[in-house]
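Enquirer: Below you'll find start_29.cif; it's mmCIF, N, CA and C atoms.
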```
data_entry
#
loop_
_atom_site.group_PDB
_atom_site.id
_atom_site.type_symbol
_atom_site.label_atom_id
_atom_site.label_comp_id
_atom_site.auth_asym_id
_atom_site.auth_seq_id
_atom_site.Cartn_x
_atom_site.Cartn_y
_atom_site.Cartn_z
ATOM 1 N N MET A 1 0.845 -1.166 0.000
ATOM 2 C CA MET A 1 0.000 0.000 0.000
ATOM 3 C C MET A 1 0.894 1.233 0.000
ATOM 4 N N GLN A 2 0.451 2.240 -0.727
ATOM 5 C CA GLN A 2 1.108 3.543 -0.716
ATOM 6 C C GLN A 2 0.079 4.583 -0.300
ATOM 7 N N ARG A 3 0.554 5.667 0.317
ATOM 8 C CA ARG A 3 -0.366 6.693 0.807
ATOM 9 C C ARG A 3 0.274 8.063 0.615
ATOM 10 N N TRP A 4 -0.544 9.059 0.195
ATOM 11 C CA TRP A 4 -0.077 10.420 0.019
ATOM 12 C C TRP A 4 -1.100 11.372 0.623
ATOM 13 N N ASP A 5 -0.640 12.453 1.227
ATOM 14 C CA ASP A 5 -1.528 13.527 1.652
ATOM 15 C C ASP A 5 -1.450 14.590 0.563
ATOM 16 N N LEU A 6 -2.414 14.574 -0.340
ATOM 17 C CA LEU A 6 -2.369 15.414 -1.529
ATOM 18 C C LEU A 6 -2.547 16.894 -1.232
ATOM 19 N N LEU A 7 -3.005 17.212 -0.033
ATOM 20 C CA LEU A 7 -3.158 18.619 0.328
ATOM 21 C C LEU A 7 -1.905 19.175 0.998
ATOM 22 N N GLU A 8 -0.949 18.309 1.315
ATOM 23 C CA GLU A 8 0.266 18.740 2.008
ATOM 24 C C GLU A 8 1.524 18.686 1.154
ATOM 25 N N LEU A 9 1.527 17.903 0.072
ATOM 26 C CA LEU A 9 2.726 17.810 -0.767
ATOM 27 C C LEU A 9 3.056 19.174 -1.356
ATOM 28 N N ASP A 10 4.340 19.508 -1.374
ATOM 29 C CA ASP A 10 4.778 20.816 -1.818
ATOM 30 C C ASP A 10 5.210 20.772 -3.281
ATOM 31 N N ALA A 11 4.728 21.714 -4.054
ATOM 32 C CA ALA A 11 5.128 21.876 -5.448
ATOM 33 C C ALA A 11 5.222 23.375 -5.719
ATOM 34 N N PRO A 12 6.265 24.023 -5.210
ATOM 35 C CA PRO A 12 6.331 25.485 -5.227
ATOM 36 C C PRO A 12 6.358 26.121 -6.606
ATOM 37 N N ASP A 13 6.788 25.389 -7.629
ATOM 38 C CA ASP A 13 6.831 25.975 -8.963
ATOM 39 C C ASP A 13 5.598 25.655 -9.791
ATOM 40 N N GLY A 14 4.558 25.167 -9.139
ATOM 41 C CA GLY A 14 3.290 24.929 -9.831
ATOM 42 C C GLY A 14 3.432 23.981 -10.997
ATOM 43 N N THR A 15 2.982 24.404 -12.186
ATOM 44 C CA THR A 15 2.943 23.520 -13.350
ATOM 45 C C THR A 15 4.319 23.008 -13.752
ATOM 46 N N ARG A 16 5.374 23.669 -13.332
ATOM 47 C CA ARG A 16 6.731 23.199 -13.638
ATOM 48 C C ARG A 16 7.218 22.188 -12.606
ATOM 49 N N ASP A 17 6.365 21.845 -11.667
ATOM 50 C CA ASP A 17 6.755 20.999 -10.537
ATOM 51 C C ASP A 17 5.739 19.879 -10.285
ATOM 52 N N PRO A 18 5.255 19.177 -11.339
ATOM 53 C CA PRO A 18 4.274 18.122 -11.083
ATOM 54 C C PRO A 18 4.912 16.987 -10.291
ATOM 55 N N ILE A 19 4.095 16.321 -9.496
ATOM 56 C CA ILE A 19 4.583 15.207 -8.682
ATOM 57 C C ILE A 19 3.934 13.926 -9.183
ATOM 58 N N VAL A 20 4.731 13.034 -9.763
ATOM 59 C CA VAL A 20 4.225 11.739 -10.221
ATOM 60 C C VAL A 20 4.114 10.847 -8.990
ATOM 61 N N LEU A 21 2.887 10.501 -8.646
ATOM 62 C CA LEU A 21 2.637 9.685 -7.465
ATOM 63 C C LEU A 21 2.777 8.204 -7.765
ATOM 64 N N HIS A 22 2.347 7.825 -8.961
ATOM 65 C CA HIS A 22 2.347 6.409 -9.342
ATOM 66 C C HIS A 22 2.427 6.338 -10.856
ATOM 67 N N SER A 23 3.168 5.359 -11.358
ATOM 68 C CA SER A 23 3.233 5.162 -12.796
ATOM 69 C C SER A 23 3.594 3.716 -13.093
ATOM 70 N N ASP A 24 2.686 3.024 -13.758
ATOM 71 C CA ASP A 24 2.957 1.703 -14.301
ATOM 72 C C ASP A 24 2.069 1.537 -15.523
ATOM 73 N N SER A 25 2.029 0.349 -16.113
ATOM 74 C CA SER A 25 1.293 0.166 -17.367
ATOM 75 C C SER A 25 -0.222 0.309 -17.216
ATOM 76 N N SER A 26 -0.723 0.293 -15.991
ATOM 77 C CA SER A 26 -2.170 0.428 -15.805
ATOM 78 C C SER A 26 -2.609 1.879 -15.727
ATOM 79 N N ALA A 27 -1.781 2.737 -15.129
ATOM 80 C CA ALA A 27 -2.179 4.138 -14.954
ATOM 81 C C ALA A 27 -1.005 4.978 -14.478
ATOM 82 N N ARG A 28 -1.168 6.273 -14.641
ATOM 83 C CA ARG A 28 -0.224 7.246 -14.088
ATOM 84 C C ARG A 28 -1.037 8.262 -13.315
ATOM 85 N N ALA A 29 -0.634 8.566 -12.087
ATOM 86 C CA ALA A 29 -1.306 9.556 -11.249
ATOM 87 C C ALA A 29 -0.327 10.690 -10.967
ATOM 88 N N VAL A 30 -0.773 11.922 -11.238
ATOM 89 C CA VAL A 30 0.095 13.087 -11.112
ATOM 90 C C VAL A 30 -0.629 14.170 -10.323
ATOM 91 N N LEU A 31 0.034 14.692 -9.310
ATOM 92 C CA LEU A 31 -0.470 15.840 -8.567
ATOM 93 C C LEU A 31 0.091 17.093 -9.225
ATOM 94 N N ILE A 32 -0.785 18.037 -9.538
ATOM 95 C CA ILE A 32 -0.363 19.301 -10.134
ATOM 96 C C ILE A 32 -0.922 20.430 -9.277
ATOM 97 N N VAL A 33 -0.024 21.282 -8.814
ATOM 98 C CA VAL A 33 -0.432 22.456 -8.056
ATOM 99 C C VAL A 33 -0.349 23.642 -9.009
ATOM 100 N N LEU A 34 -1.492 24.229 -9.306
ATOM 101 C CA LEU A 34 -1.544 25.392 -10.187
ATOM 102 C C LEU A 34 -1.496 26.645 -9.325
ATOM 103 N N GLN A 35 -0.451 27.421 -9.480
ATOM 104 C CA GLN A 35 -0.355 28.686 -8.764
ATOM 105 C C GLN A 35 -1.352 29.670 -9.397
ATOM 106 N N PRO A 36 -1.756 30.724 -8.683
ATOM 107 C CA PRO A 36 -2.711 31.679 -9.254
ATOM 108 C C PRO A 36 -2.284 32.142 -10.646
ATOM 109 N N GLY A 37 -3.208 32.005 -11.585
ATOM 110 C CA GLY A 37 -2.965 32.415 -12.964
ATOM 111 C C GLY A 37 -2.329 31.354 -13.843
ATOM 112 N N GLN A 38 -1.852 30.251 -13.273
ATOM 113 C CA GLN A 38 -1.236 29.221 -14.103
ATOM 114 C C GLN A 38 -2.298 28.411 -14.833
ATOM 115 N N GLN A 39 -1.863 27.771 -15.916
ATOM 116 C CA GLN A 39 -2.791 26.966 -16.696
ATOM 117 C C GLN A 39 -2.079 25.805 -17.372
ATOM 118 N N LEU A 40 -2.869 24.832 -17.740
ATOM 119 C CA LEU A 40 -2.441 23.769 -18.638
ATOM 120 C C LEU A 40 -3.099 24.137 -19.957
ATOM 121 N N GLY A 41 -2.347 24.691 -20.871
ATOM 122 C CA GLY A 41 -2.898 25.206 -22.127
ATOM 123 C C GLY A 41 -3.611 24.140 -22.929
ATOM 124 N N ASN A 42 -4.230 24.554 -24.004
ATOM 125 C CA ASN A 42 -5.005 23.664 -24.857
ATOM 126 C C ASN A 42 -4.127 22.493 -25.308
ATOM 127 N N HIS A 43 -4.528 21.279 -24.939
ATOM 128 C CA HIS A 43 -3.736 20.093 -25.231
ATOM 129 C C HIS A 43 -4.638 18.866 -25.275
ATOM 130 N N GLN A 44 -4.040 17.753 -25.602
ATOM 131 C CA GLN A 44 -4.738 16.465 -25.583
ATOM 132 C C GLN A 44 -3.741 15.404 -25.161
ATOM 133 N N VAL A 45 -4.257 14.311 -24.631
ATOM 134 C CA VAL A 45 -3.417 13.172 -24.272
ATOM 135 C C VAL A 45 -3.971 11.923 -24.947
ATOM 136 N N LYS A 46 -3.167 10.912 -25.054
ATOM 137 C CA LYS A 46 -3.569 9.665 -25.722
ATOM 138 C C LYS A 46 -4.332 8.725 -24.800
ATOM 139 N N GLU A 47 -4.394 9.055 -23.520
ATOM 140 C CA GLU A 47 -5.025 8.191 -22.530
ATOM 141 C C GLU A 47 -6.393 8.740 -22.119
ATOM 142 N N ASN A 48 -7.196 7.894 -21.468
ATOM 143 C CA ASN A 48 -8.351 8.405 -20.733
ATOM 144 C C ASN A 48 -7.782 9.266 -19.621
ATOM 145 N N ALA A 49 -8.384 10.414 -19.373
ATOM 146 C CA ALA A 49 -7.864 11.308 -18.337
ATOM 147 C C ALA A 49 -8.968 11.644 -17.349
ATOM 148 N N LEU A 50 -8.688 11.426 -16.077
ATOM 149 C CA LEU A 50 -9.575 11.844 -14.996
ATOM 150 C C LEU A 50 -8.883 12.976 -14.263
ATOM 151 N N LEU A 51 -9.578 14.096 -14.110
ATOM 152 C CA LEU A 51 -9.045 15.244 -13.412
ATOM 153 C C LEU A 51 -9.916 15.490 -12.189
ATOM 154 N N ALA A 52 -9.322 15.420 -11.005
ATOM 155 C CA ALA A 52 -10.039 15.655 -9.752
ATOM 156 C C ALA A 52 -9.530 16.954 -9.141
ATOM 157 N N VAL A 53 -10.459 17.850 -8.815
ATOM 158 C CA VAL A 53 -10.090 19.106 -8.164
ATOM 159 C C VAL A 53 -10.041 18.847 -6.660
ATOM 160 N N LEU A 54 -8.857 18.981 -6.089
ATOM 161 C CA LEU A 54 -8.659 18.715 -4.671
ATOM 162 C C LEU A 54 -8.862 19.962 -3.827
ATOM 163 N N ASP A 55 -8.501 21.112 -4.390
ATOM 164 C CA ASP A 55 -8.611 22.373 -3.668
ATOM 165 C C ASP A 55 -8.646 23.504 -4.687
ATOM 166 N N GLY A 56 -9.402 24.536 -4.401
ATOM 167 C CA GLY A 56 -9.514 25.672 -5.303
ATOM 168 C C GLY A 56 -10.544 25.429 -6.386
ATOM 169 N N ASP A 57 -10.508 26.284 -7.392
ATOM 170 C CA ASP A 57 -11.415 26.196 -8.537
ATOM 171 C C ASP A 57 -10.603 26.261 -9.818
ATOM 172 N N VAL A 58 -11.051 25.529 -10.826
ATOM 173 C CA VAL A 58 -10.436 25.597 -12.147
ATOM 174 C C VAL A 58 -11.506 25.890 -13.190
ATOM 175 N N GLU A 59 -11.074 26.528 -14.258
ATOM 176 C CA GLU A 59 -11.925 26.730 -15.425
ATOM 177 C C GLU A 59 -11.430 25.756 -16.478
ATOM 178 N N ILE A 60 -12.357 24.989 -17.030
ATOM 179 C CA ILE A 60 -12.000 23.968 -18.006
ATOM 180 C C ILE A 60 -12.708 24.272 -19.320
ATOM 181 N N ASP A 61 -11.919 24.333 -20.403
ATOM 182 C CA ASP A 61 -12.463 24.477 -21.750
ATOM 183 C C ASP A 61 -12.337 23.134 -22.443
ATOM 184 N N ALA A 62 -13.447 22.627 -22.966
ATOM 185 C CA ALA A 62 -13.430 21.369 -23.717
ATOM 186 C C ALA A 62 -14.689 21.297 -24.568
ATOM 187 N N GLY A 63 -14.541 20.825 -25.789
ATOM 188 C CA GLY A 63 -15.700 20.616 -26.646
ATOM 189 C C GLY A 63 -16.519 21.871 -26.890
ATOM 190 N N GLY A 64 -15.875 23.024 -26.903
ATOM 191 C CA GLY A 64 -16.587 24.262 -27.158
ATOM 192 C C GLY A 64 -17.324 24.834 -25.957
ATOM 193 N N ALA A 65 -17.170 24.210 -24.796
ATOM 194 C CA ALA A 65 -17.834 24.687 -23.578
ATOM 195 C C ALA A 65 -16.780 25.032 -22.528
ATOM 196 N N THR A 66 -17.144 25.918 -21.623
ATOM 197 C CA THR A 66 -16.297 26.253 -20.486
ATOM 198 C C THR A 66 -17.088 26.016 -19.219
ATOM 199 N N ILE A 67 -16.473 25.302 -18.272
ATOM 200 C CA ILE A 67 -17.125 25.079 -16.981
ATOM 201 C C ILE A 67 -16.168 25.510 -15.868
ATOM 202 N N THR A 68 -16.723 25.818 -14.724
ATOM 203 C CA THR A 68 -15.935 26.032 -13.525
ATOM 204 C C THR A 68 -16.128 24.809 -12.644
ATOM 205 N N ALA A 69 -15.027 24.232 -12.218
ATOM 206 C CA ALA A 69 -15.070 23.029 -11.380
ATOM 207 C C ALA A 69 -14.369 23.328 -10.072
ATOM 208 N N GLY A 70 -15.046 23.046 -8.975
ATOM 209 C CA GLY A 70 -14.500 23.308 -7.654
ATOM 210 C C GLY A 70 -14.124 22.041 -6.931
ATOM 211 N N ARG A 71 -13.705 22.233 -5.712
ATOM 212 C CA ARG A 71 -13.257 21.143 -4.843
ATOM 213 C C ARG A 71 -14.259 19.991 -4.850
ATOM 214 N N GLY A 72 -13.719 18.799 -5.054
ATOM 215 C CA GLY A 72 -14.553 17.604 -5.054
ATOM 216 C C GLY A 72 -15.078 17.205 -6.418
ATOM 217 N N THR A 73 -14.842 18.025 -7.438
ATOM 218 C CA THR A 73 -15.324 17.729 -8.791
ATOM 219 C C THR A 73 -14.336 16.818 -9.514
ATOM 220 N N VAL A 74 -14.863 15.856 -10.256
ATOM 221 C CA VAL A 74 -14.056 14.993 -11.116
ATOM 222 C C VAL A 74 -14.582 15.135 -12.535
ATOM 223 N N VAL A 75 -13.663 15.328 -13.473
ATOM 224 C CA VAL A 75 -14.007 15.469 -14.885
ATOM 225 C C VAL A 75 -13.232 14.409 -15.648
ATOM 226 N N ARG A 76 -13.882 13.804 -16.643
ATOM 227 C CA ARG A 76 -13.225 12.785 -17.472
ATOM 228 C C ARG A 76 -13.117 13.284 -18.901
ATOM 229 N N PHE A 77 -11.954 13.048 -19.517
ATOM 230 C CA PHE A 77 -11.723 13.372 -20.919
ATOM 231 C C PHE A 77 -11.417 12.081 -21.674
ATOM 232 N N ASP A 78 -11.972 11.955 -22.863
ATOM 233 C CA ASP A 78 -11.653 10.830 -23.737
ATOM 234 C C ASP A 78 -10.233 10.984 -24.276
ATOM 235 N N PRO A 79 -9.620 9.876 -24.719
ATOM 236 C CA PRO A 79 -8.326 9.998 -25.383
ATOM 237 C C PRO A 79 -8.445 10.963 -26.569
ATOM 238 N N ASP A 80 -7.448 11.813 -26.737
ATOM 239 C CA ASP A 80 -7.367 12.799 -27.822
ATOM 240 C C ASP A 80 -8.379 13.940 -27.722
ATOM 241 N N GLU A 81 -9.146 14.023 -26.634
ATOM 242 C CA GLU A 81 -10.074 15.143 -26.467
ATOM 243 C C GLU A 81 -9.285 16.383 -26.036
ATOM 244 N N ARG A 82 -9.394 17.436 -26.817
ATOM 245 C CA ARG A 82 -8.659 18.670 -26.523
ATOM 246 C C ARG A 82 -9.314 19.391 -25.349
ATOM 247 N N HIS A 83 -8.476 19.941 -24.474
ATOM 248 C CA HIS A 83 -8.986 20.662 -23.316
ATOM 249 C C HIS A 83 -7.903 21.592 -22.768
ATOM 250 N N ALA A 84 -8.334 22.563 -21.990
ATOM 251 C CA ALA A 84 -7.428 23.486 -21.302
ATOM 252 C C ALA A 84 -7.948 23.655 -19.883
ATOM 253 N N VAL A 85 -7.036 23.880 -18.949
ATOM 254 C CA VAL A 85 -7.392 24.031 -17.530
ATOM 255 C C VAL A 85 -6.686 25.283 -17.010
ATOM 256 N N ARG A 86 -7.459 26.192 -16.418
ATOM 257 C CA ARG A 86 -6.918 27.420 -15.842
ATOM 258 C C ARG A 86 -7.288 27.503 -14.367
ATOM 259 N N ALA A 87 -6.406 28.138 -13.590
ATOM 260 C CA ALA A 87 -6.672 28.341 -12.164
ATOM 261 C C ALA A 87 -6.435 29.818 -11.829
ATOM 262 N N PRO A 88 -7.437 30.669 -12.043
ATOM 263 C CA PRO A 88 -7.247 32.098 -11.788
ATOM 264 C C PRO A 88 -6.763 32.404 -10.373
ATOM 265 N N ALA A 89 -7.257 31.691 -9.380
ATOM 266 C CA ALA A 89 -6.873 31.948 -7.987
ATOM 267 C C ALA A 89 -5.996 30.834 -7.409
ATOM 268 N N GLY A 90 -5.596 29.871 -8.241
ATOM 269 C CA GLY A 90 -4.798 28.742 -7.785
ATOM 270 C C GLY A 90 -5.667 27.534 -7.479
ATOM 271 N N ALA A 91 -5.097 26.359 -7.653
ATOM 272 C CA ALA A 91 -5.831 25.114 -7.403
ATOM 273 C C ALA A 91 -4.841 23.968 -7.280
ATOM 274 N N ARG A 92 -5.349 22.883 -6.774
ATOM 275 C CA ARG A 92 -4.585 21.643 -6.618
ATOM 276 C C ARG A 92 -5.417 20.565 -7.291
ATOM 277 N N ILE A 93 -4.833 19.858 -8.278
ATOM 278 C CA ILE A 93 -5.581 18.843 -9.024
ATOM 279 C C ILE A 93 -4.806 17.527 -9.044
ATOM 280 N N LEU A 94 -5.559 16.453 -9.162
ATOM 281 C CA LEU A 94 -4.992 15.125 -9.360
ATOM 282 C C LEU A 94 -5.388 14.694 -10.761
ATOM 283 N N LEU A 95 -4.410 14.304 -11.550
ATOM 284 C CA LEU A 95 -4.638 13.845 -12.907
ATOM 285 C C LEU A 95 -4.291 12.367 -12.972
ATOM 286 N N VAL A 96 -5.232 11.545 -13.440
ATOM 287 C CA VAL A 96 -4.996 10.107 -13.603
ATOM 288 C C VAL A 96 -5.145 9.776 -15.080
ATOM 289 N N LEU A 97 -4.113 9.191 -15.670
ATOM 290 C CA LEU A 97 -4.096 8.806 -17.080
ATOM 291 C C LEU A 97 -4.079 7.288 -17.160
ATOM 292 N N ALA A 98 -5.005 6.714 -17.946
ATOM 293 C CA ALA A 98 -5.073 5.251 -18.019
ATOM 294 C C ALA A 98 -5.581 4.804 -19.384
ATOM 295 N N PRO A 99 -5.046 3.697 -19.914
ATOM 296 C CA PRO A 99 -3.835 3.040 -19.442
ATOM 297 C C PRO A 99 -2.619 3.919 -19.742
ATOM 298 N N TRP A 100 -1.494 3.615 -19.113
ATOM 299 C CA TRP A 100 -0.298 4.436 -19.304
ATOM 300 C C TRP A 100 0.825 3.608 -19.892
ATOM 301 N N PRO A 101 1.476 4.037 -20.920
ATOM 302 C CA PRO A 101 1.012 5.099 -21.804
ATOM 303 C C PRO A 101 -0.060 4.577 -22.741
ATOM 304 N N GLY A 102 -0.921 5.470 -23.203
ATOM 305 C CA GLY A 102 -2.007 5.088 -24.096
ATOM 306 C C GLY A 102 -1.504 4.785 -25.504
ATOM 307 N N GLU A 103 -2.352 4.115 -26.274
ATOM 308 C CA GLU A 103 -2.001 3.771 -27.646
ATOM 309 C C GLU A 103 -1.727 5.040 -28.447
ATOM 310 N N GLY A 104 -0.587 5.058 -29.116
ATOM 311 C CA GLY A 104 -0.196 6.217 -29.905
ATOM 312 C C GLY A 104 0.649 7.215 -29.131
ATOM 313 N N HIS A 105 0.802 7.026 -27.829
ATOM 314 C CA HIS A 105 1.662 7.899 -27.040
ATOM 315 C C HIS A 105 3.107 7.629 -27.453
ATOM 316 N N TYR A 106 3.924 8.658 -27.482
ATOM 317 C CA TYR A 106 5.304 8.472 -27.964
ATOM 318 C C TYR A 106 6.093 7.461 -27.135
ATOM 319 N N ARG A 107 5.640 7.177 -25.895
ATOM 320 C CA ARG A 107 6.321 6.195 -25.055
ATOM 321 C C ARG A 107 5.689 4.807 -25.156
ATOM 322 N N GLY A 108 4.563 4.702 -25.859
ATOM 323 C CA GLY A 108 3.834 3.432 -25.866
ATOM 324 C C GLY A 108 3.586 2.899 -27.239
ATOM 325 N N GLY A 109 2.590 1.986 -27.296
ATOM 326 C CA GLY A 109 2.301 1.279 -28.519
ATOM 327 C C GLY A 109 1.380 1.912 -29.445
#
```
What do you get writing this file as structure tokens?

Expert:
Amino acid sequence: MQRWDLLELDAPDGTRDPIVLHSDSSARAVLIVLQPGQQLGNHQVKENALLAVLDGDVEIDAGGATITAGRGTVVRFDPDERHAVRAPAGARILLVLAPWPGEGHYRGG
């Protein structure tokens, strides 16, 4: 068993300081602390992506819509679905990618 306190882990450089909590062929879990004003620009991944907001609020653009997601919200993106995530006031998110790496990912099959 492994255990992390996701509200206490330090990532002072925000998006430049992601913390990979777990990574194997089944999934990758990454803690990302978005400092105020930081964002994950418009992008896509080859895996199914689950984004859980642990603290703060994020604005998510996907599929032509924008939503605000707060603490306790989980959002799922399909493989190759384009999206962007912004944290105007800062936020802490958990990103789970599965399977890892997904088909077509430069590290996978």

Enquirer: With only N, CA and C atoms as the basis for distance, which of A:Ile60, A:Ile32, A:Val45, A:Ala98 is at the shortest distance from Glu81 (chain A)?

Expert: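 Answer, going by the shortest atom-to-atom distance: A:Val45.
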
Enquirer: Would you kindly translate the PyMOL selection byres ((chain A and resi 61-74) around 6.5) into the concrete residues it picks from this file, as a list in words?

Expert: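 Evaluating the PyMOL selection byres ((chain A and resi 61-74) around 6.5) on this file yields Leu50, Leu51, Ala52, Val53, Leu54, Asp55, Gly56, Asp57, Val58, Glu59, Ile60, Val75, Arg76, Arg82, His83, Ala84, Val85 and Arg86 of chain A.
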
Enquirer: Name the residues in contact with Val33 (chain A) at a cut-off of 12 Å, using only C-alpha atoms, excluding same-chain residues fewer than 4 positions from it; report them as number ranges by chain.

Expert: A: 6-20, 37-40, 52-58, 85-87, 89-95

Enquirer: Give me the result of the PyMOL selection byres (((chain A and resi 24 and name CA) around 10) and name CA) on this file, residue by residue, as a list in words.

Expert: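 Applying the PyMOL selection byres (((chain A and resi 24 and name CA) around 10) and name CA) to the structure shown produces His22, Ser23, Ser25, Ser26, Ala27, Arg28, Ala29, Ala98, Pro99, Trp100 and Pro101 of chain A.
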
Enquirer: For CA of Gln44 (chain A) and atom C of Pro79 (chain A), quote the distance in Å rounded to one decimal.

Expert: 6.7 Å

Enquirer: Given 3 Å of margin on each side, can you work out the centre and size in Å (one decimal) of an axis-aligned box holding every listed atom of region 31-40 of chain A, as AutoDock Vina command-line options?

Expert:
```
--center_x -1.6 --center_y 23.6 --center_z -14.0 --size_x 9.3 --size_y 23.7 --size_z 17.9
```

Enquirer: What gap, in Å, lies between atom C of Met1 (chain A) and atom N of Leu31 (chain A)?

Expert: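 Between atom C of Met1 (chain A) and atom N of Leu31 (chain A) the gap works out to 16.4 Å.
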
Enquirer: So what do you get for atom N of Gly104 (chain A) versus CA of Asp78 (chain A), distance-wise?

Expert: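 Between these atoms lies a distance of 13.6 Å.
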
Enquirer: Region 47-92 of chain A: which residues are strand (DSSP E or B) by DSSP, as a PyMOL selection string?

Expert: chain A and resi 48-62+65-70+74-77+83-86+91-92

Enquirer: Restore N, CA, C and O atoms in region 51-65 of chain A and list the result as a tab-separated table (two decimals), keeping the file's coordinate frame.

Expert:
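To be explicit, this is the file written out as result_6.tsv:
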```tsv
chain	number	residue	atom	x	y	z
A	51	LEU	N	-9.58	14.10	-14.11
A	51	LEU	CA	-9.04	15.24	-13.41
A	51	LEU	C	-9.92	15.49	-12.19
A	51	LEU	O	-11.12	15.70	-12.32
A	52	ALA	N	-9.32	15.42	-11.00
A	52	ALA	CA	-10.04	15.66	-9.75
A	52	ALA	C	-9.53	16.95	-9.14
A	52	ALA	O	-8.32	17.13	-8.99
A	53	VAL	N	-10.46	17.85	-8.82
A	53	VAL	CA	-10.09	19.11	-8.16
A	53	VAL	C	-10.04	18.85	-6.66
A	53	VAL	O	-11.06	18.51	-6.05
A	54	LEU	N	-8.86	18.98	-6.09
A	54	LEU	CA	-8.66	18.72	-4.67
A	54	LEU	C	-8.86	19.96	-3.83
A	54	LEU	O	-9.32	19.88	-2.69
A	55	ASP	N	-8.50	21.11	-4.39
A	55	ASP	CA	-8.61	22.37	-3.67
A	55	ASP	C	-8.65	23.50	-4.69
A	55	ASP	O	-7.99	23.43	-5.73
A	56	GLY	N	-9.40	24.54	-4.40
A	56	GLY	CA	-9.51	25.67	-5.30
A	56	GLY	C	-10.54	25.43	-6.39
A	56	GLY	O	-11.34	24.49	-6.32
A	57	ASP	N	-10.51	26.28	-7.39
A	57	ASP	CA	-11.42	26.20	-8.54
A	57	ASP	C	-10.60	26.26	-9.82
A	57	ASP	O	-9.59	26.97	-9.88
A	58	VAL	N	-11.05	25.53	-10.83
A	58	VAL	CA	-10.44	25.60	-12.15
A	58	VAL	C	-11.51	25.89	-13.19
A	58	VAL	O	-12.67	25.56	-13.00
A	59	GLU	N	-11.07	26.53	-14.26
A	59	GLU	CA	-11.92	26.73	-15.42
A	59	GLU	C	-11.43	25.76	-16.48
A	59	GLU	O	-10.23	25.69	-16.76
A	60	ILE	N	-12.36	24.99	-17.03
A	60	ILE	CA	-12.00	23.97	-18.01
A	60	ILE	C	-12.71	24.27	-19.32
A	60	ILE	O	-13.93	24.46	-19.34
A	61	ASP	N	-11.92	24.33	-20.40
A	61	ASP	CA	-12.46	24.48	-21.75
A	61	ASP	C	-12.34	23.13	-22.44
A	61	ASP	O	-11.24	22.57	-22.50
A	62	ALA	N	-13.45	22.63	-22.97
A	62	ALA	CA	-13.43	21.37	-23.72
A	62	ALA	C	-14.69	21.30	-24.57
A	62	ALA	O	-15.77	21.69	-24.11
A	63	GLY	N	-14.54	20.82	-25.79
A	63	GLY	CA	-15.70	20.62	-26.65
A	63	GLY	C	-16.52	21.87	-26.89
A	63	GLY	O	-17.74	21.79	-27.04
A	64	GLY	N	-15.88	23.02	-26.90
A	64	GLY	CA	-16.59	24.26	-27.16
A	64	GLY	C	-17.32	24.83	-25.96
A	64	GLY	O	-18.02	25.83	-26.06
A	65	ALA	N	-17.17	24.21	-24.80
A	65	ALA	CA	-17.83	24.69	-23.58
A	65	ALA	C	-16.78	25.03	-22.53
A	65	ALA	O	-15.68	24.50	-22.54
```
